[in-house]
file data_11.txt (compact mmCIF, C-alpha atoms (C1' of nucleotides))
# COMPACT_ATOMS: atom_id res chain seq x y z
CA MET J 1 112.32 84.18 95.01
CA SER J 2 113.91 85.96 92.06
CA LEU J 3 115.48 88.74 94.08
CA ARG J 4 117.90 86.23 95.47
CA HIS J 5 118.86 85.17 91.96
CA ALA J 6 119.20 88.73 90.81
CA VAL J 7 121.68 89.27 93.62
CA LEU J 8 123.55 86.07 92.82
CA GLY J 9 123.64 87.08 89.19
CA LEU J 10 125.16 90.44 89.97
CA LEU J 11 127.69 88.94 92.33
CA SER J 12 128.64 86.37 89.70
CA SER J 13 130.66 89.03 87.91
CA GLY J 14 132.52 90.17 91.00
CA PRO J 15 132.20 90.98 94.71
CA ALA J 16 130.18 93.98 95.84
CA SER J 17 128.64 95.53 98.92
CA GLY J 18 124.94 95.96 99.54
CA TYR J 19 125.38 99.59 98.72
CA ASP J 20 127.05 98.81 95.40
CA LEU J 21 124.32 96.36 94.50
CA LEU J 22 121.67 98.90 95.32
CA LYS J 23 123.16 101.26 92.74
CA ILE J 24 123.18 98.58 90.11
CA PHE J 25 119.56 97.73 90.89
CA GLU J 26 118.61 101.37 90.52
CA ILE J 27 120.35 101.74 87.19
CA SER J 28 120.44 98.59 85.18
CA LEU J 29 117.86 96.33 86.76
CA ALA J 30 115.33 99.02 87.59
CA ASN J 31 113.10 98.10 84.65
CA VAL J 32 113.30 94.40 85.12
CA TRP J 33 113.47 93.66 88.81
CA PRO J 34 113.39 96.73 91.06
CA ALA J 35 114.45 96.24 94.66
CA THR J 36 114.59 98.45 97.69
CA GLN J 37 117.44 98.80 100.12
CA SER J 38 115.64 96.97 102.93
CA GLN J 39 114.96 94.06 100.69
CA LEU J 40 118.51 93.94 99.46
CA TYR J 41 120.25 93.92 102.83
CA ALA J 42 117.79 91.37 104.16
CA GLU J 43 118.39 89.14 101.16
CA LEU J 44 122.16 89.39 101.49
CA GLY J 45 121.82 88.25 105.08
CA ARG J 46 119.69 85.27 104.08
CA LEU J 47 122.02 84.42 101.20
CA ALA J 48 124.97 84.46 103.59
CA ASP J 49 123.09 82.21 106.04
CA ALA J 50 122.38 79.81 103.22
CA GLY J 51 126.03 79.77 102.20
CA PHE J 52 125.41 81.17 98.70
CA VAL J 53 127.48 84.27 99.37
CA ALA J 54 130.18 85.12 101.91
CA VAL J 55 131.72 88.30 103.26
CA ALA J 56 134.97 88.55 101.32
CA ALA J 57 136.26 91.78 102.78
CA GLU J 58 135.30 94.50 105.20
CA GLY J 59 135.94 98.13 104.39
CA PRO J 60 135.49 101.54 105.99
CA ARG J 61 132.10 102.58 107.38
CA GLY J 62 131.13 99.01 108.11
CA ARG J 63 131.24 98.14 104.45
CA LYS J 64 130.94 94.42 103.79
CA GLU J 65 131.92 93.08 100.42
CA TYR J 66 130.05 89.96 99.52
CA ALA J 67 131.36 87.37 97.08
CA ILE J 68 129.41 84.52 95.53
CA THR J 69 130.40 81.02 96.65
CA ASP J 70 130.51 77.82 94.60
CA ALA J 71 127.18 76.83 96.12
CA GLY J 72 125.86 80.21 95.03
CA ARG J 73 127.08 79.70 91.49
CA ALA J 74 125.48 76.28 91.41
CA GLU J 75 122.18 77.72 92.64
CA LEU J 76 122.32 80.47 90.03
CA HIS J 77 123.07 77.98 87.27
CA HIS J 78 120.24 75.77 88.42
CA TRP J 79 117.81 78.67 88.40
CA MET J 80 118.95 79.80 84.96
CA THR J 81 118.66 76.42 83.30
CA GLU J 82 116.12 74.37 85.21
CA VAL J 83 113.52 76.75 86.61
CA GLU J 84 110.81 77.81 84.21
CA PRO J 85 110.30 81.57 84.08
CA ALA J 86 106.90 82.69 85.34
CA GLN J 87 104.48 82.70 82.43
CA VAL J 88 102.01 85.27 83.72
CA ASN J 89 102.98 88.80 84.48
CA ARG J 90 100.38 90.93 86.20
CA SER J 91 99.54 94.05 84.31
CA ASP J 92 97.29 96.69 85.80
CA MET J 93 97.48 98.44 82.43
CA LEU J 94 95.78 95.49 80.79
CA LEU J 95 93.42 94.95 83.70
CA ARG J 96 91.96 98.39 83.04
CA VAL J 97 91.38 97.43 79.42
CA PHE J 98 88.95 94.73 80.55
CA PHE J 99 86.88 97.37 82.27
CA LEU J 100 87.00 100.07 79.62
CA GLY J 101 83.26 99.57 79.29
CA VAL J 102 82.65 101.46 82.52
CA LEU J 103 84.11 104.59 80.95
CA ASP J 104 82.50 106.62 78.22
CA PRO J 105 84.14 106.35 74.80
CA ASP J 106 86.05 109.62 75.17
CA GLU J 107 87.60 108.52 78.43
CA ALA J 108 88.42 105.09 77.03
CA ARG J 109 90.08 106.62 73.98
CA SER J 110 92.01 108.96 76.20
CA TYR J 111 93.25 106.07 78.32
CA LEU J 112 94.54 104.24 75.26
CA HIS J 113 96.02 107.41 73.86
CA SER J 114 98.03 107.88 77.04
CA ARG J 115 99.26 104.30 76.84
CA ALA J 116 100.49 104.94 73.31
CA GLU J 117 102.25 108.12 74.35
CA VAL J 118 103.91 106.59 77.37
CA ALA J 119 105.07 103.63 75.29
CA ASP J 120 106.42 105.95 72.64
CA GLN J 121 108.33 108.00 75.18
CA ARG J 122 109.84 104.91 76.71
CA HIS J 123 110.70 103.64 73.28
CA ARG J 124 112.55 106.82 72.42
CA ALA J 125 114.36 106.83 75.76
CA LEU J 126 115.56 103.28 75.14
CA ALA J 127 116.62 104.11 71.58
CA GLU J 128 118.70 106.95 72.96
CA LEU J 129 120.17 104.70 75.63
CA ARG J 130 121.22 102.20 72.98
CA GLU J 131 122.77 104.95 70.92
CA PHE J 132 124.74 106.03 73.95
CA VAL J 133 125.70 102.52 74.95
CA THR J 134 126.83 101.17 71.58
CA GLN J 135 128.98 104.23 70.97
CA GLY J 136 131.11 103.85 74.07
CA ASP J 137 133.14 100.68 74.05
CA ASP J 138 132.72 97.91 76.59
CA PRO J 139 129.44 99.39 78.00
CA LEU J 140 126.46 97.40 79.13
CA SER J 141 127.21 93.71 78.78
CA VAL J 142 126.31 92.10 75.48
CA TYR J 143 123.38 90.45 77.19
CA GLY J 144 122.19 93.76 78.53
CA LEU J 145 121.81 94.70 74.88
CA LEU J 146 119.54 91.73 74.29
CA ALA J 147 117.35 92.97 77.12
CA LEU J 148 117.47 96.47 75.71
CA GLU J 149 116.33 95.19 72.33
CA TRP J 150 113.48 93.42 74.08
CA GLY J 151 112.46 96.74 75.60
CA LEU J 152 112.64 98.45 72.25
CA ARG J 153 110.45 95.86 70.58
CA PHE J 154 108.06 95.64 73.49
CA THR J 155 107.47 99.39 73.71
CA ALA J 156 106.96 99.59 69.95
CA THR J 157 104.39 96.78 70.09
CA GLN J 158 102.67 98.43 72.99
CA ARG J 159 102.52 101.78 71.20
CA ASP J 160 101.16 100.27 68.01
CA TRP J 161 98.60 98.20 69.87
CA ALA J 162 97.36 101.20 71.85
CA GLU J 163 96.99 103.24 68.67
CA TRP J 164 95.12 100.40 67.02
CA ALA J 165 92.90 99.95 70.08
CA GLU J 166 92.09 103.64 70.19
CA GLN J 167 90.79 103.47 66.64
CA GLU J 168 88.98 100.27 67.48
CA ILE J 169 86.95 102.16 70.09
CA ASP J 170 85.69 104.40 67.30
CA ARG J 171 84.78 101.42 65.17
CA ILE J 172 82.87 99.93 68.08
CA GLY J 173 81.00 103.19 68.54
CA ALA J 174 80.13 103.30 64.84
CA ARG J 175 78.89 99.73 64.99
CA GLU J 176 76.64 100.47 67.94
CA ASP J 177 75.28 103.59 66.32
CA ARG J 178 74.21 101.57 63.29
CA ARG J 179 72.56 99.03 65.55
CA GLU J 180 70.61 101.76 67.35
CA VAL J 181 69.36 103.10 64.04
CA SER J 182 68.23 99.71 62.86
CA ASP J 183 66.47 98.92 66.14
CA MET P 1 96.00 97.45 95.37
CA SER P 2 94.78 96.35 91.96
CA LEU P 3 93.02 93.25 93.16
CA ARG P 4 90.41 95.46 94.73
CA HIS P 5 89.86 97.22 91.43
CA ALA P 6 89.71 93.97 89.55
CA VAL P 7 86.91 92.91 91.89
CA LEU P 8 85.12 96.24 91.54
CA GLY P 9 85.46 95.98 87.78
CA LEU P 10 83.90 92.55 87.68
CA LEU P 11 81.09 93.57 90.00
CA SER P 12 80.43 96.63 87.85
CA SER P 13 78.66 94.42 85.33
CA GLY P 14 76.44 92.72 87.89
CA PRO P 15 76.34 91.16 91.36
CA ALA P 16 78.23 87.98 92.09
CA SER P 17 79.42 85.81 94.96
CA GLY P 18 83.04 85.19 95.89
CA TYR P 19 82.72 81.81 94.29
CA ASP P 20 81.43 83.30 91.03
CA LEU P 21 84.24 85.82 90.98
CA LEU P 22 86.80 83.12 91.56
CA LYS P 23 85.60 81.38 88.40
CA ILE P 24 85.90 84.54 86.40
CA PHE P 25 89.38 85.14 87.73
CA GLU P 26 90.39 81.63 86.74
CA ILE P 27 89.04 82.00 83.24
CA SER P 28 89.16 85.50 81.91
CA LEU P 29 91.55 87.34 84.22
CA ALA P 30 94.00 84.47 84.73
CA ASN P 31 96.55 85.95 82.35
CA VAL P 32 96.26 89.49 83.52
CA TRP P 33 95.68 89.47 87.24
CA PRO P 34 95.51 86.00 88.79
CA ALA P 35 94.04 85.77 92.28
CA THR P 36 93.58 82.98 94.74
CA GLN P 37 90.49 82.17 96.71
CA SER P 38 91.91 83.32 100.03
CA GLN P 39 92.83 86.65 98.54
CA LEU P 40 89.42 87.12 96.98
CA TYR P 41 87.31 86.44 100.01
CA ALA P 42 89.55 88.64 102.13
CA GLU P 43 89.31 91.45 99.61
CA LEU P 44 85.52 91.19 99.43
CA GLY P 45 85.42 91.59 103.20
CA ARG P 46 87.62 94.68 103.09
CA LEU P 47 85.63 96.12 100.19
CA ALA P 48 82.42 95.64 102.16
CA ASP P 49 83.97 97.32 105.21
CA ALA P 50 85.01 100.24 103.03
CA GLY P 51 81.48 100.55 101.63
CA PHE P 52 82.53 99.87 98.03
CA VAL P 53 80.44 96.73 97.80
CA ALA P 54 77.46 95.43 99.79
CA VAL P 55 75.81 92.08 100.27
CA ALA P 56 72.81 92.29 97.94
CA ALA P 57 71.36 88.86 98.58
CA GLU P 58 72.04 85.68 100.48
CA GLY P 59 71.52 82.33 98.86
CA PRO P 60 71.77 78.67 99.76
CA ARG P 61 74.97 77.27 101.31
CA GLY P 62 75.82 80.59 102.89
CA ARG P 63 76.17 82.19 99.48
CA LYS P 64 76.53 85.95 99.64
CA GLU P 65 75.96 87.97 96.53
CA TYR P 66 77.90 91.17 96.49
CA ALA P 67 76.88 94.23 94.50
CA ILE P 68 78.96 97.29 93.79
CA THR P 69 77.82 100.51 95.48
CA ASP P 70 77.91 104.06 94.11
CA ALA P 71 81.02 104.68 96.17
CA GLY P 72 82.51 101.58 94.61
CA ARG P 73 81.70 102.79 91.12
CA ALA P 74 83.27 106.14 91.91
CA GLU P 75 86.40 104.44 93.21
CA LEU P 76 86.61 102.28 90.10
CA HIS P 77 86.16 105.27 87.83
CA HIS P 78 88.81 107.18 89.72
CA TRP P 79 91.26 104.31 89.41
CA MET P 80 90.55 103.90 85.70
CA THR P 81 90.98 107.54 84.81
CA GLU P 82 93.27 109.14 87.37
CA VAL P 83 95.70 106.50 88.55
CA GLU P 84 98.70 105.91 86.30
CA PRO P 85 99.25 102.24 85.49
CA ALA P 86 102.49 100.84 86.88
CA GLN P 87 105.27 101.37 84.37
CA VAL P 88 107.56 98.56 85.43
CA ASN P 89 106.56 94.96 85.34
CA ARG P 90 108.94 92.50 86.91
CA SER P 91 110.05 89.81 84.55
CA ASP P 92 112.15 86.92 85.72
CA MET P 93 112.37 85.87 82.07
CA LEU P 94 114.23 89.09 81.27
CA LEU P 95 116.21 89.00 84.50
CA ARG P 96 117.78 85.76 83.33
CA VAL P 97 118.78 87.42 80.06
CA PHE P 98 121.02 89.80 82.00
CA PHE P 99 122.91 86.85 83.38
CA LEU P 100 123.13 84.74 80.26
CA GLY P 101 126.88 85.26 80.47
CA VAL P 102 127.14 82.75 83.30
CA LEU P 103 125.91 80.00 80.96
CA ASP P 104 127.85 78.55 78.11
CA PRO P 105 126.64 79.51 74.64
CA ASP P 106 124.74 76.24 74.12
CA GLU P 107 122.79 76.70 77.31
CA ALA P 108 122.11 80.36 76.56
CA ARG P 109 120.83 79.48 73.09
CA SER P 110 118.69 76.76 74.56
CA TYR P 111 117.17 79.19 77.04
CA LEU P 112 116.23 81.61 74.29
CA HIS P 113 114.98 78.80 72.11
CA SER P 114 112.60 77.72 74.87
CA ARG P 115 111.35 81.29 75.24
CA ALA P 116 110.57 81.38 71.53
CA GLU P 117 108.74 78.09 71.72
CA VAL P 118 106.70 78.99 74.76
CA ALA P 119 105.77 82.32 73.20
CA ASP P 120 104.77 80.60 70.00
CA GLN P 121 102.60 78.10 71.84
CA ARG P 122 100.87 80.85 73.76
CA HIS P 123 100.42 82.77 70.57
CA ARG P 124 98.72 79.86 68.89
CA ALA P 125 96.52 79.22 71.92
CA LEU P 126 95.36 82.83 71.88
CA ALA P 127 94.75 82.72 68.13
CA GLU P 128 92.56 79.68 68.66
CA LEU P 129 90.77 81.39 71.51
CA ARG P 130 89.99 84.36 69.31
CA GLU P 131 88.72 82.08 66.58
CA PHE P 132 86.40 80.46 69.09
CA VAL P 133 85.32 83.72 70.63
CA THR P 134 84.57 85.71 67.50
CA GLN P 135 82.55 82.85 66.03
CA GLY P 136 80.05 82.67 68.87
CA ASP P 137 78.01 85.82 69.17
CA ASP P 138 78.15 88.07 72.22
CA PRO P 139 81.20 86.23 73.77
CA LEU P 140 84.00 87.91 75.60
CA SER P 141 83.24 91.59 75.90
CA VAL P 142 84.51 93.82 73.15
CA TYR P 143 87.19 95.07 75.48
CA GLY P 144 88.26 91.56 76.27
CA LEU P 145 89.09 91.34 72.57
CA LEU P 146 91.37 94.35 72.85
CA ALA P 147 93.22 92.55 75.62
CA LEU P 148 93.31 89.39 73.53
CA GLU P 149 94.84 91.31 70.64
CA TRP P 150 97.42 92.66 73.03
CA GLY P 151 98.30 89.10 73.99
CA LEU P 152 98.55 88.09 70.35
CA ARG P 153 100.88 90.92 69.51
CA PHE P 154 102.90 90.54 72.66
CA THR P 155 103.51 86.82 72.20
CA ALA P 156 104.47 87.36 68.56
CA THR P 157 106.96 90.06 69.56
CA GLN P 158 108.35 87.85 72.27
CA ARG P 159 108.77 84.92 69.89
CA ASP P 160 110.47 87.02 67.23
CA TRP P 161 112.76 88.65 69.76
CA ALA P 162 113.79 85.31 71.24
CA GLU P 163 114.56 83.93 67.79
CA TRP P 164 116.59 87.00 66.97
CA ALA P 165 118.43 86.82 70.30
CA GLU P 166 119.24 83.17 69.75
CA GLN P 167 120.97 84.02 66.49
CA GLU P 168 122.63 86.97 68.16
CA ILE P 169 124.36 84.58 70.56
CA ASP P 170 125.97 82.92 67.54
CA ARG P 171 127.08 86.24 66.16
CA ILE P 172 128.62 87.13 69.51
CA GLY P 173 130.46 83.81 69.54
CA ALA P 174 131.76 84.38 66.01
CA ARG P 175 132.94 87.86 66.96
CA GLU P 176 134.85 86.54 69.96
CA ASP P 177 136.39 83.75 67.93
CA ARG P 178 137.76 86.30 65.49
CA ARG P 179 139.17 88.31 68.35
CA GLU P 180 140.93 85.26 69.79
CA VAL P 181 142.52 84.55 66.42
CA SER P 182 143.78 88.11 66.04
CA ASP P 183 145.16 88.21 69.61
C1' DT I 1 138.56 122.48 111.34
C1' DG I 2 133.81 122.22 110.68
C1' DG I 3 130.28 120.57 108.18
C1' DC I 4 128.06 118.47 104.41
C1' DG I 5 127.21 114.90 101.24
C1' DA I 6 127.97 110.39 99.95
C1' DC I 7 128.77 105.96 101.91
C1' DA I 8 126.85 102.18 104.47
C1' DT I 9 123.88 99.16 107.18
C1' DG I 10 120.07 97.80 109.95
C1' DT I 11 115.12 97.38 111.63
C1' DC I 12 110.15 97.68 111.67
C1' DA I 13 105.27 97.83 110.52
C1' DA I 14 102.06 97.13 107.00
C1' DC I 15 100.32 95.28 102.94
C1' DA I 16 100.03 91.87 99.08
C1' DG I 17 100.21 87.26 97.41
C1' DT I 18 100.56 81.95 97.82
C1' DG I 19 99.06 77.53 99.08
C1' DG I 20 96.82 74.58 101.87
C1' DA I 21 93.56 72.94 105.26
C1' DA I 22 89.08 72.80 107.41
C1' DT I 23 84.27 72.93 107.17
C1' DG I 24 79.88 72.58 105.74
C1' DT I 25 75.53 72.51 102.44
C1' DA I 26 72.46 71.84 98.39
C1' DG I 27 71.01 69.32 94.64
C1' DG I 28 71.04 65.66 91.36
C1' DC I 29 71.63 60.90 90.17
C1' DT I 30 71.24 55.94 91.14
C1' DA A 1 67.68 56.94 100.83
C1' DG A 2 72.38 57.57 100.18
C1' DC A 3 76.22 59.45 98.04
C1' DC A 4 78.90 62.28 95.29
C1' DT A 5 79.95 66.60 93.15
C1' DA A 6 79.76 71.28 92.90
C1' DC A 7 78.90 75.15 95.67
C1' DA A 8 80.62 78.22 99.16
C1' DT A 9 83.18 80.33 102.85
C1' DT A 10 86.79 81.03 106.45
C1' DC A 11 91.29 80.77 108.51
C1' DC A 12 96.21 80.27 108.81
C1' DA A 13 101.21 80.36 108.13
C1' DC A 14 104.67 81.86 105.19
C1' DT A 15 107.03 84.68 101.79
C1' DG A 16 107.77 88.87 99.21
C1' DT A 17 107.51 93.96 98.69
C1' DT A 18 107.26 98.75 100.21
C1' DG A 19 108.39 102.80 102.65
C1' DA A 20 109.93 104.97 106.52
C1' DC A 21 112.90 105.50 110.21
C1' DA A 22 117.26 105.13 112.74
C1' DT A 23 122.07 105.30 112.98
C1' DG A 24 126.57 106.04 112.15
C1' DT A 25 131.14 107.15 109.44
C1' DC A 26 134.45 108.73 106.02
C1' DG A 27 136.50 112.15 103.04
C1' DC A 28 136.63 116.37 100.87
C1' DC A 29 136.26 121.23 100.40
C1' DA A 30 135.60 125.90 102.02
call {"tool": "encode", "arguments": {"input": "data_11.txt", "output": "structure tokens"}}
result
Amino acid sequence: MSLRHAVLGLLSSGPASGYDLLKIFEISLANVWPATQSQLYAELGRLADAGFVAVAAEGPRGRKEYAITDAGRAELHHWMTEVEPAQVNRSDMLLRVFFLGVLDPDEARSYLHSRAEVADQRHRALAELREFVTQGDDPLSVYGLLALEWGLRFTATQRDWAEWAEQEIDRIGAREDRREVSD
Amino acid sequence: MSLRHAVLGLLSSGPASGYDLLKIFEISLANVWPATQSQLYAELGRLADAGFVAVAAEGPRGRKEYAITDAGRAELHHWMTEVEPAQVNRSDMLLRVFFLGVLDPDEARSYLHSRAEVADQRHRALAELREFVTQGDDPLSVYGLLALEWGLRFTATQRDWAEWAEQEIDRIGAREDRREVSD
DNA sequence: TGGCGACATGTCAACAGTGGAATGTAGGCT
DNA sequence: AGCCTACATTCCACTGTTGACATGTCGCCA
């Protein structure tokens, strides 16, 4: 049920159409809570039925501008302050780690190496984005920068872990070799 | 479609019933890829239809032991080596950060403070788990320890970030106060 | 003025995940 | 012998997510 709160959150800083929201989802929320167009329009409909948003204006091409209502603001506030964020986040990246034993050591190392590279790339992309964003003036909201910092730290941790884990595979191999000799 | 690979991965180290697998999901995979009983049994059925697993033995109480087939092993290997892990992971924790502006500074700080505390608790629980696991002998597979280390690092990063962000809220407040004075 | 690209919304089928209910059996303890 | 617990499976309704398809319009530029 977080899509609905993402929409309420976006509308909390001003009215927008489904189309507008879709753009914002693609740009700023893409790495946190991606949403497709079908989902978005459907959610706007449900939100309107529930009285959390209302059509504030109609424009050309059937454009409907939605604005958040007081009930919507209350719901958003409630979600922000009273609802515990989910504690588990599924990760197919980590799921594979559990089964690394089905690969041979070279493949396992290669998997971890790729994780490190991907994390490093994402880290550098975010660093560049921050550069870009802090230079211009008003830019991404202040809170967007907190999220960006999270991404920076997270990708760095991920990269370092993957590099460590890759070396760990070697150490495991060495350990098993010794055991074979002593057997 | 990762549930199916989680099941294949578990079956790759030996046959098990749906009930057995459910236990394993609750214990070792709970933090990586949680699954419910209904999902599991349904997936086992589909996997059997697809020829990736087969009923190896039937036991008391209608127990069916499933074993992975060669086709299943091939599918698992393919998924491990050829399929790119998802790069985005939805996070309602981070989604809220984007909208921290709708809260007043006290509430925002409190939100971040809770995140730091939860992360710290989880960190300590994992540290204890590792203690427990590395003391006994064979324990969690070696690769499980890589995942555990990931959790340790991730929770530490999360805690540190949340503590930093909490202070950042103060700095933002101070900055805006100065601006008000100069206006 | 003709057409293209961006604007804009809506619908549908399929799959994935959640939570709960129903049902029944085997084995161990008293 | 009876009962309780753990074992074990199946089904269902609901929600959330994806991707594709369908449809139409406005405004600008050649």
call {"tool": "residues_around", "arguments": {"input": "data_11.txt", "residues": "DG20 in chain I", "least_positions_apart": "5", "cutoff": "12 Å", "atoms": "only C-alpha atoms (C1' of nucleotides)", "output": "short mmCIF file (atom, residue, chain, number, x, y, z; two decimals) with C-alpha atoms (C1' of nucleotides), in the coordinates of the input"}}
result
data_model
loop_
_atom_site.label_atom_id
_atom_site.label_comp_id
_atom_site.auth_asym_id
_atom_site.auth_seq_id
_atom_site.Cartn_x
_atom_site.Cartn_y
_atom_site.Cartn_z
CA THR P 36 93.58 82.98 94.74
CA GLN P 37 90.49 82.17 96.71
CA SER P 38 91.91 83.32 100.03
"C1'" DC A 11 91.29 80.77 108.51
"C1'" DC A 12 96.21 80.27 108.81
"C1'" DA A 13 101.21 80.36 108.13
"C1'" DC A 14 104.67 81.86 105.19
#
call {"tool": "interface_residues", "arguments": {"input": "data_11.txt", "of": "chain J", "to": "chain I", "cutoff": "12 Å", "atoms": "all atoms listed in the file", "output": "number ranges by chain"}}
result
J: 17-23, 37-42, 44-45, 58-65, 90
call {"tool": "closest_atom_pairs", "arguments": {"input": "data_11.txt", "of": "chain P", "to": "chain J", "cutoff": "6 Å", "atoms": "only C-alpha atoms", "output": "tab-separated table"}}
result
residue	atom	partner	partner_atom	distance
P:Gly9	CA	J:Phe99	CA	5.9
P:Asn31	CA	J:Val88	CA	5.7
P:Val32	CA	J:Arg90	CA	5.1
P:Trp33	CA	J:Arg90	CA	5.0
P:Pro85	CA	J:Met93	CA	5.2
P:Val88	CA	J:Asn31	CA	5.6
P:Arg90	CA	J:Trp33	CA	5.0
P:Ser91	CA	J:Val32	CA	5.7
P:Asp92	CA	J:Pro85	CA	5.9
P:Met93	CA	J:Pro85	CA	5.2
P:Phe98	CA	J:Gly144	CA	5.4
P:Phe99	CA	J:Gly9	CA	5.9
P:Tyr143	CA	J:Phe98	CA	5.4
P:Gly144	CA	J:Phe98	CA	5.4
call {"tool": "closest_atom_pairs", "arguments": {"input": "data_11.txt", "of": "chain A", "to": "chain P", "cutoff": "12 Å", "atoms": "all atoms listed in the file", "output": "Markdown table"}}
result
| residue | atom | partner | partner_atom | distance |
| --- | --- | --- | --- | --- |
| A:DA6 | C1' | P:Tyr19 | CA | 11.0 |
| A:DC7 | C1' | P:Arg61 | CA | 7.2 |
| A:DA8 | C1' | P:Arg63 | CA | 6.0 |
| A:DT9 | C1' | P:Gly62 | CA | 7.4 |
| A:DT10 | C1' | P:Tyr41 | CA | 8.4 |
| A:DC11 | C1' | P:Ser38 | CA | 8.9 |
| A:DC12 | C1' | P:Ser38 | CA | 10.2 |
| A:DT17 | C1' | P:Arg90 | CA | 12.0 |
call {"tool": "atom_distance", "arguments": {"input": "data_11.txt", "atom1": "CA of Arg171 in chain P", "atom2": "CA of Phe132 in chain J"}}
result
21.4 Å
call {"tool": "axis_aligned_box", "arguments": {"input": "data_11.txt", "around": "range 13-28 of chain I", "padding_each_side": "8 Å", "output": "AutoDock Vina command-line options"}}
result
--center_x 88.1 --center_y 81.7 --center_z 100.9 --size_x 50.3 --size_y 48.2 --size_z 35.2
call {"tool": "atom_distance", "arguments": {"input": "data_11.txt", "atom1": "CA of Asp120 in chain J", "atom2": "CA of Asp120 in chain P"}}
result
25.5 Å
call {"tool": "atom_distance", "arguments": {"input": "data_11.txt", "atom1": "CA of Gly51 in chain P", "atom2": "CA of Ala35 in chain P"}}
result
21.5 Å
call {"tool": "closest_residue", "arguments": {"input": "data_11.txt", "among": "P:Arg175, P:Ala16, P:Glu26, P:Val133", "to": "Ala54 in chain P", "atoms": "all atoms listed in the file"}}
result
P:Ala16
call {"tool": "build_atoms", "arguments": {"input": "data_11.txt", "residues": "range 83-97 of chain J", "atoms": "N, CA and C atoms", "output": "compact mmCIF listing (two decimals), keeping the file's coordinate frame"}}
result
# COMPACT_ATOMS: atom_id res chain seq x y z
N VAL J 83 114.78 76.18 86.11
CA VAL J 83 113.52 76.75 86.61
C VAL J 83 112.82 77.52 85.50
N GLU J 84 111.59 77.13 85.24
CA GLU J 84 110.81 77.81 84.21
C GLU J 84 110.47 79.23 84.63
N PRO J 85 110.72 80.20 83.78
CA PRO J 85 110.30 81.57 84.08
C PRO J 85 108.79 81.63 84.27
N ALA J 86 108.35 82.52 85.12
CA ALA J 86 106.90 82.69 85.34
C ALA J 86 106.24 83.02 83.99
N GLN J 87 105.10 82.41 83.72
CA GLN J 87 104.48 82.70 82.43
C GLN J 87 103.49 83.86 82.49
N VAL J 88 102.91 84.12 83.64
CA VAL J 88 102.01 85.27 83.72
C VAL J 88 102.68 86.44 84.40
N ASN J 89 102.52 87.58 83.84
CA ASN J 89 102.98 88.80 84.48
C ASN J 89 101.78 89.72 84.66
N ARG J 90 101.52 90.04 85.92
CA ARG J 90 100.38 90.93 86.20
C ARG J 90 100.57 92.25 85.50
N SER J 91 99.48 92.76 84.96
CA SER J 91 99.54 94.05 84.31
C SER J 91 98.29 94.86 84.65
N ASP J 92 98.46 95.88 85.46
CA ASP J 92 97.29 96.69 85.80
C ASP J 92 96.87 97.54 84.60
N MET J 93 97.79 97.74 83.67
CA MET J 93 97.48 98.44 82.43
C MET J 93 96.42 97.65 81.66
N LEU J 94 96.67 96.35 81.55
CA LEU J 94 95.78 95.49 80.79
C LEU J 94 94.49 95.20 81.55
N LEU J 95 94.61 95.16 82.87
CA LEU J 95 93.42 94.95 83.70
C LEU J 95 92.40 96.05 83.43
N ARG J 96 92.87 97.27 83.32
CA ARG J 96 91.96 98.39 83.04
C ARG J 96 91.26 98.20 81.70
N VAL J 97 91.97 97.62 80.74
CA VAL J 97 91.38 97.43 79.42
C VAL J 97 90.11 96.58 79.50
